[in-house]
>>> print(open('final-v3.json').read())   # JSON, C-alpha atoms
[["chain", "number", "residue", "atom", "x", "y", "z"],
["A", 1, "ILE", "CA", 0.00, 0.00, 0.00],
["A", 2, "THR", "CA", 1.23, 3.48, -0.83],
["A", 3, "VAL", "CA", -0.43, 6.31, 1.05],
["A", 4, "ARG", "CA", -0.43, 9.68, -0.74],
["A", 5, "ASP", "CA", -0.92, 13.05, 0.89],
["A", 6, "ILE", "CA", -0.91, 16.03, -1.46],
["A", 7, "PHE", "CA", -1.14, 18.54, 1.41],
["A", 8, "ALA", "CA", 1.74, 17.19, 3.51],
["A", 9, "GLY", "CA", 2.08, 20.09, 5.94],
["A", 10, "SER", "CA", 3.90, 18.97, 9.07],
["A", 11, "GLY", "CA", 4.27, 15.31, 8.02],
["A", 12, "ASN", "CA", 1.54, 13.75, 10.21],
["A", 13, "THR", "CA", 0.58, 11.28, 7.48],
["A", 14, "GLY", "CA", 4.15, 10.05, 7.03],
["A", 15, "HIS", "CA", 4.58, 9.71, 10.78],
["A", 16, "ALA", "CA", 1.32, 7.73, 11.05],
["A", 17, "VAL", "CA", 2.37, 5.37, 8.25],
["A", 18, "LEU", "CA", 5.72, 4.69, 9.93],
["A", 19, "LYS", "CA", 4.00, 4.10, 13.27],
["A", 20, "ALA", "CA", 1.48, 1.71, 11.68],
["A", 21, "ASN", "CA", 4.31, -0.25, 10.07],
["A", 22, "GLU", "CA", 6.06, -0.54, 13.42],
["A", 23, "THR", "CA", 2.87, -1.70, 15.11],
["A", 24, "ASP", "CA", 1.96, -4.52, 12.72],
["A", 25, "GLY", "CA", 5.15, -5.13, 10.72],
["A", 26, "GLY", "CA", 3.54, -3.65, 7.60],
["A", 27, "LYS", "CA", 5.38, -2.46, 4.53],
["A", 28, "ARG", "CA", 3.32, 0.63, 3.78],
["A", 29, "GLN", "CA", 4.96, 3.47, 1.92],
["A", 30, "PHE", "CA", 4.00, 7.11, 1.62],
["A", 31, "ILE", "CA", 4.36, 9.95, -0.83],
["A", 32, "LEU", "CA", 3.96, 13.43, 0.60],
["A", 33, "CYS", "CA", 3.64, 16.51, -1.60],
["A", 34, "THR", "CA", 3.66, 20.17, -0.72],
["A", 35, "ASN", "CA", 4.14, 23.46, -2.48],
["A", 36, "ASN", "CA", 6.66, 24.29, 0.27],
["A", 37, "GLU", "CA", 4.78, 27.46, 1.20],
["A", 38, "ASN", "CA", 6.70, 29.27, 3.95],
["A", 39, "SER", "CA", 9.42, 26.60, 3.53],
["A", 40, "ILE", "CA", 7.32, 24.08, 5.51],
["A", 41, "CYS", "CA", 8.85, 21.07, 3.79],
["A", 42, "GLU", "CA", 12.43, 22.17, 4.35],
["A", 43, "THR", "CA", 11.96, 23.41, 7.91],
["A", 44, "VAL", "CA", 9.25, 21.14, 9.33],
["A", 45, "THR", "CA", 8.21, 18.09, 7.27],
["A", 46, "TYR", "CA", 11.59, 16.70, 6.25],
["A", 47, "PRO", "CA", 13.37, 17.29, 9.58],
["A", 48, "ARG", "CA", 10.45, 15.76, 11.50],
["A", 49, "LEU", "CA", 10.34, 12.59, 9.42],
["A", 50, "LYS", "CA", 14.12, 12.26, 9.54],
["A", 51, "LYS", "CA", 13.98, 12.35, 13.36],
["A", 52, "VAL", "CA", 11.07, 9.89, 13.47],
["A", 53, "ILE", "CA", 13.03, 7.45, 11.31],
["A", 54, "LYS", "CA", 16.39, 7.77, 13.09],
["A", 55, "GLY", "CA", 15.26, 8.51, 16.64],
["A", 56, "TYR", "CA", 15.82, 11.59, 18.79],
["A", 57, "ASP", "CA", 16.16, 12.94, 22.33],
["A", 58, "GLN", "CA", 13.15, 14.59, 23.91],
["A", 59, "GLU", "CA", 13.83, 16.32, 27.22],
["A", 60, "GLY", "CA", 16.61, 13.88, 28.05],
["A", 61, "VAL", "CA", 14.60, 10.79, 27.06],
["A", 62, "LYS", "CA", 15.73, 8.79, 24.02],
["A", 63, "VAL", "CA", 12.91, 8.14, 21.57],
["A", 64, "LYS", "CA", 13.61, 5.09, 19.42],
["A", 65, "GLY", "CA", 13.48, 5.61, 15.66],
["A", 66, "LEU", "CA", 10.79, 3.83, 13.67],
["A", 67, "GLY", "CA", 13.16, 2.98, 10.82],
["A", 68, "GLY", "CA", 12.57, 3.48, 7.14],
["A", 69, "ASN", "CA", 13.95, 5.48, 4.27],
["A", 70, "LEU", "CA", 13.37, 9.06, 3.24],
["A", 71, "ARG", "CA", 13.95, 10.77, -0.08],
["A", 72, "TYR", "CA", 13.40, 14.40, -0.92],
["A", 73, "PHE", "CA", 12.62, 15.54, -4.44],
["A", 74, "LYS", "CA", 12.42, 19.17, -5.46],
["A", 75, "THR", "CA", 10.78, 20.28, -8.68],
["A", 76, "ALA", "CA", 10.13, 23.56, -10.44],
["A", 77, "PHE", "CA", 7.49, 24.74, -12.86],
["A", 78, "LYS", "CA", 8.53, 25.17, -16.46],
["A", 79, "LYS", "CA", 7.26, 28.15, -18.40],
["A", 80, "GLU", "CA", 4.82, 27.28, -21.16],
["A", 81, "ALA", "CA", 6.47, 27.07, -24.54],
["A", 82, "LYS", "CA", 5.30, 29.53, -27.19],
["A", 83, "ARG", "CA", 3.21, 27.94, -29.91],
["A", 84, "LYS", "CA", 4.31, 28.35, -33.47],
["A", 85, "SER", "CA", 1.82, 30.10, -35.75],
["A", 86, "LYS", "CA", 0.83, 28.39, -38.97]]
>>> encode(input="final-v3.json", output="structure tokens")
Amino acid sequence: ITVRDIFAGSGNTGHAVLKANETDGGKRQFILCTNNENSICETVTYPRLKKVIKGYDQEGVKVKGLGGNLRYFKTAFKKEAKRKSK
């Protein structure tokens, strides 16, 4: 199963998929998309999911990572090509 979220925001969907996989040994994947408004992907979504996968310290308590892989793709819009007149 691949879960898709086209309004990724803070990465809740990705986090939930990783947690579900940990709970039942599933092999779900996710694709998160965002327009990166206010740099949310670069400053919130990606760093959060990276921490969830690898693990992190929270107020002196080690939180175990959920495992997984993470890739980041960045795209840009291409200007429309001018049509040739006949």
>>> atom_distance(input="final-v3.json", atom1="atom CA of Glu37 of chain A", atom2="atom CA of Gly11 of chain A")
13.9 Å
>>> residues_around(input="final-v3.json", residues="segment 45-53 of chain A", least_positions_apart="4", cutoff="8 Å", atoms="only C-alpha atoms", output="PDB file with C-alpha atoms, in the coordinates of the input")
ATOM      1  CA  ALA A   8       1.740  17.190   3.510  1.00  0.00           C
ATOM      2  CA  GLY A   9       2.080  20.090   5.940  1.00  0.00           C
ATOM      3  CA  SER A  10       3.900  18.970   9.070  1.00  0.00           C
ATOM      4  CA  GLY A  11       4.270  15.310   8.020  1.00  0.00           C
ATOM      5  CA  GLY A  14       4.150  10.050   7.030  1.00  0.00           C
ATOM      6  CA  HIS A  15       4.580   9.710  10.780  1.00  0.00           C
ATOM      7  CA  LEU A  18       5.720   4.690   9.930  1.00  0.00           C
ATOM      8  CA  ILE A  40       7.320  24.080   5.510  1.00  0.00           C
ATOM      9  CA  CYS A  41       8.850  21.070   3.790  1.00  0.00           C
ATOM     10  CA  GLY A  65      13.480   5.610  15.660  1.00  0.00           C
ATOM     11  CA  LEU A  66      10.790   3.830  13.670  1.00  0.00           C
ATOM     12  CA  GLY A  67      13.160   2.980  10.820  1.00  0.00           C
ATOM     13  CA  GLY A  68      12.570   3.480   7.140  1.00  0.00           C
ATOM     14  CA  ASN A  69      13.950   5.480   4.270  1.00  0.00           C
ATOM     15  CA  LEU A  70      13.370   9.060   3.240  1.00  0.00           C
ATOM     16  CA  TYR A  72      13.400  14.400  -0.920  1.00  0.00           C
TER      17      TYR A  72
END
>>> atom_distance(input="final-v3.json", atom1="atom CA of Phe7 of chain A", atom2="atom CA of Ile31 of chain A")
10.4 Å
>>> atom_distance(input="final-v3.json", atom1="atom CA of Ile1 of chain A", atom2="atom CA of Ser39 of chain A")
28.4 Å
